[in-house]
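The next block holds one structure in the form of structure tokens; read it before the comments.
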Amino acid sequence: MNRIKLIKKGIQRIAQKLPLNSSTEIRLTHLCSQRCRQCSVYERTTEPPYMSLEQFQIIAERLRDYGAYIGFISGGEATLVPDLEGILIEAKKTFAIATTLVTGLYNRPEVIQRIGKVALENDINIQTSLDGLGALGDSLRGVTNFSETILGHMNWLSEHRNGSKSLLYANIVLNDLNLDQVPELIRRANDLGWKTTIGLYHTLTDTTRSDDELRLRPGKRLDNILKFLDHNPNIMNLNSFIEGIGPFISGGQKKFCAFVDSPVLSTRTTIMENGDVHLCYGEPIGNILENDLAQIFSSESYQQRIDQYRQCRGCWTTCYTQRYLLVHPASVKQLIDNFRKVTGTKIGRAKNGTSKKTD
């Protein structure tokens with residue numbers, strides 16, 4: 001879709017007072033190669049367990065018709081999906097700004113390399129998770145040799161970029177067990193040419209599991225890590241997001257909900273393997289294989305869910321909060337910081353792609 005058509009669709013949605021649907025996560029499968037302590041997605045029982053290319057094409061067409069900007073192709077473990085190569089090509093044609101493959105990179109090397117080549121050749125971003133090293137990583141992710149496996153695959157992808165403009169980054173979910181490893185996790189990723197993002201352990205959605213040992217607690221350990229993360233050039237989070245973590249954990253952060261307080265610009269949807277459309281927590285608000293997004297966002301189910309979110313205690317997540325902070329800076333300084341962070345990421349990606357061409 002060309003930019004003029006996309007802008008027209010955006011204006012149309014604003015006039016209709018419907019969400020732009022700024023980004024869409026499509027979870028292709030509930031099958032997973034890991035058993036993370038914080039996640040229960042593999043306990044879903046929908047059949048078939050993964051989305052087919054034909055189903056994805058229907059969804060992609062409806063997303064393009066509504067307006068599709070940023071896309072995340074995830075799971076479960078996306079590399080377990082038989083039609084993933086074709087799905088990635090279709091996704092690249094669907095999302096106008098960026099397409100990201102979200103993968104745990106915990107699969108056979110030949111699978112990661114085959115899928116990785118498709119992503120790199122089509123300038124599709126790759127996001128993985130790197131929550132812990134050694135025995136802690138194994139415990140958090142429920143597998144053996146977690147960090148060695150993931151870092152090895154990250155290294156292979158870095159070495160085979162060959163001019164790709166794909167952004168490679170690892171997400172680190174802060175929890176009370178891994179705080180002391182965070183600087184080393186960032187360093188190890190950076191040494192391989194990967195950027196990092198920071199998330200927080202939470203139990204917000206239906207596929208996140210409660211684990212008191214993982215719950216972040218106020219204190220010196222957290223304060224020290226947040227000081228280390230503040231304006232750190234190797235992480236892609238907005239500075240305002242990092243600055244708000246401490247107050248949120250201490251219960252002093254101002255409450256807001258991206259879906260309620262910025263319904264047009266900040267809404268993010270999640271589409272499950274059976275086509276169910278979710279916002280944040282709660283039951284699906286519709287099914288995109290049965291109805292298009294305009295119908296879903298105009299439905300009573302959508303409005304009831306927004307009314308339900310008005311009672312929410314608030315959250316501080318990369319998926320929802322950062323989207324709100326990006327378009328609602330609290331000061332001119334934050335506006336400038338946001339601009340520098342976004343443009344810096346784009347420039348860094350372009351430089352990485354260019355540099356590898358000359359290697």
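Labeling convention for the structure tokens: chains A, B, ... as they appear, residues from 1 per chain, ligands from 1 in order of appearance.
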Using only C-alpha atoms, find each residue in range 118-141 of chain A having at least one atom no more than 12 Å away from range 59-83 of chain A; report its shortest atom-to-atom pair and that distance in Å (one decimal), rows by chain then rising number, as CSV.
residue,atom,partner,partner_atom,distance
A:Val118,CA,A:Thr79,CA,11.8
A:Ala119,CA,A:Ile73,CA,11.1
A:Ile124,CA,A:Phe72,CA,9.9
A:Asn125,CA,A:Phe72,CA,9.1
A:Ile126,CA,A:Phe72,CA,9.4
A:Gln127,CA,A:Phe72,CA,9.2
A:Thr128,CA,A:Ser74,CA,10.1
A:Ser129,CA,A:Glu77,CA,11.4
| task | Quote the spacing between CA of Ser164 in chain A and CA of Asp337 in chain A in Å to one decimal place. | result |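 Those two atoms sit 26.9 Å apart.
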List as a Markdown table every residue of range 133-240 of chain A that is in contact with range 246-267 of chain A, defined as an atom at most 8 Å from one of its atoms (using only C-alpha atoms), together with the nearest atom pair and the distance in Å rounded to one decimal, sorted by chain and then rising number.
| residue | atom | partner | partner_atom | distance |
| --- | --- | --- | --- | --- |
| A:Leu216 | CA | A:Ile249 | CA | 7.0 |
| A:Arg217 | CA | A:Ile249 | CA | 6.6 |
| A:Pro218 | CA | A:Ser250 | CA | 6.0 |
| A:Leu222 | CA | A:Gly246 | CA | 7.7 |
| A:Asp223 | CA | A:Gly246 | CA | 7.2 |
| A:Leu226 | CA | A:Gly246 | CA | 7.5 |
| task | Using only C-alpha atoms, determine which residues lie at most 8 Å from range 230-240 of chain A, disregarding the query and same-chain residues fewer than 4 positions distant; provide the list as a list in words. | result | Ile186, Asn190, Lys195, Thr196, Thr197, Ile198, Leu226, Gly244, Thr318, Gln322, Leu325, Leu326, Gln334, Asp337, Asn338, Lys341 and Thr345 of chain A
| task | Kindly indicate which residue among A:Lys333, A:Arg209, A:His160, A:His278 lies nearest to Glu43 in chain A, using only C-alpha atoms for the distances. | result |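 Counting only C-alpha atoms, the residue closest to Glu43 in chain A is A:Arg209.
With only C-alpha atoms as the atoms that count, the minimum distance from Pro284 in chain A to the choices A:Val342, A:Thr205, A:Leu167, A:Glu159 is reached by A:Thr205.
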| field | Contact residues around Leu28 in chain A with only C-alpha atoms at 6 Å, ignoring same-chain residues under 5 positions, as an NGL selection string | value | :A and (50-51 or 75 or 273)
Would you save the residues from that selection as a short mmCIF file (atom, residue, chain, number, x, y, z; two decimals), in the first residue's frame, using N, CA, C and O atoms?
data_model
loop_
_atom_site.label_atom_id
_atom_site.label_comp_id
_atom_site.auth_asym_id
_atom_site.auth_seq_id
_atom_site.Cartn_x
_atom_site.Cartn_y
_atom_site.Cartn_z
N TYR A 50 -1.93 -23.95 14.63
CA TYR A 50 -1.23 -22.83 13.97
C TYR A 50 -2.07 -22.33 12.79
O TYR A 50 -2.93 -23.01 12.25
N MET A 51 -1.78 -21.10 12.41
CA MET A 51 -2.47 -20.44 11.31
C MET A 51 -1.86 -20.89 9.98
O MET A 51 -0.64 -21.03 9.86
N GLY A 75 4.39 -16.03 18.15
CA GLY A 75 3.75 -17.26 18.56
C GLY A 75 3.29 -17.13 20.00
O GLY A 75 2.94 -16.03 20.43
N GLU A 273 -4.07 -17.38 16.73
CA GLU A 273 -3.93 -18.33 15.63
C GLU A 273 -5.26 -18.72 15.00
O GLU A 273 -5.29 -19.15 13.85
#
| field | Residues of range 141-291 of chain A in alpha helix (DSSP H), written as a ChimeraX atom specification | value | /A:141,146-159,182-191,220-229,239-249,258-261
| message | Could you check the closest approach to Leu136 in chain A for each of A:Leu279, A:Leu179, A:Ala15, A:Ile285 and tell me which residue wins, using only C-alpha atoms? | response |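 The answer is A:Leu179, which sits nearest to Leu136 in chain A.
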| request: Could you please write out, as number ranges by chain, every residue of range 155-321 of chain A that DSSP assigns to strand (DSSP E)? | output: A: 168-174, 195-200, 268-271, 276-278, 286-287
| field | Minimum-distance residue to Ser210 in chain A, chosen among A:Cys36, A:Met154, A:Leu101, A:Leu18 (using only C-alpha atoms) | value | A:Cys36
| request: Rounded to one decimal place, report the CA of Cys39 in chain A-CA of Val173 in chain A distance in Å. | output: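 A separation of 11.9 Å between them.
Closest to Arg114 in chain A among A:Trp156, A:Thr24, A:Ser299, A:Ala96 is A:Trp156, based on only C-alpha atoms.
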| request: Can you pull out every residue within 10 Å of Glu290 in chain A, counting only C-alpha atoms, but drop anything in the same chain fewer than 6 positions away, and send it as a ChimeraX atom specification? | output: /A:58-59,275-276,296
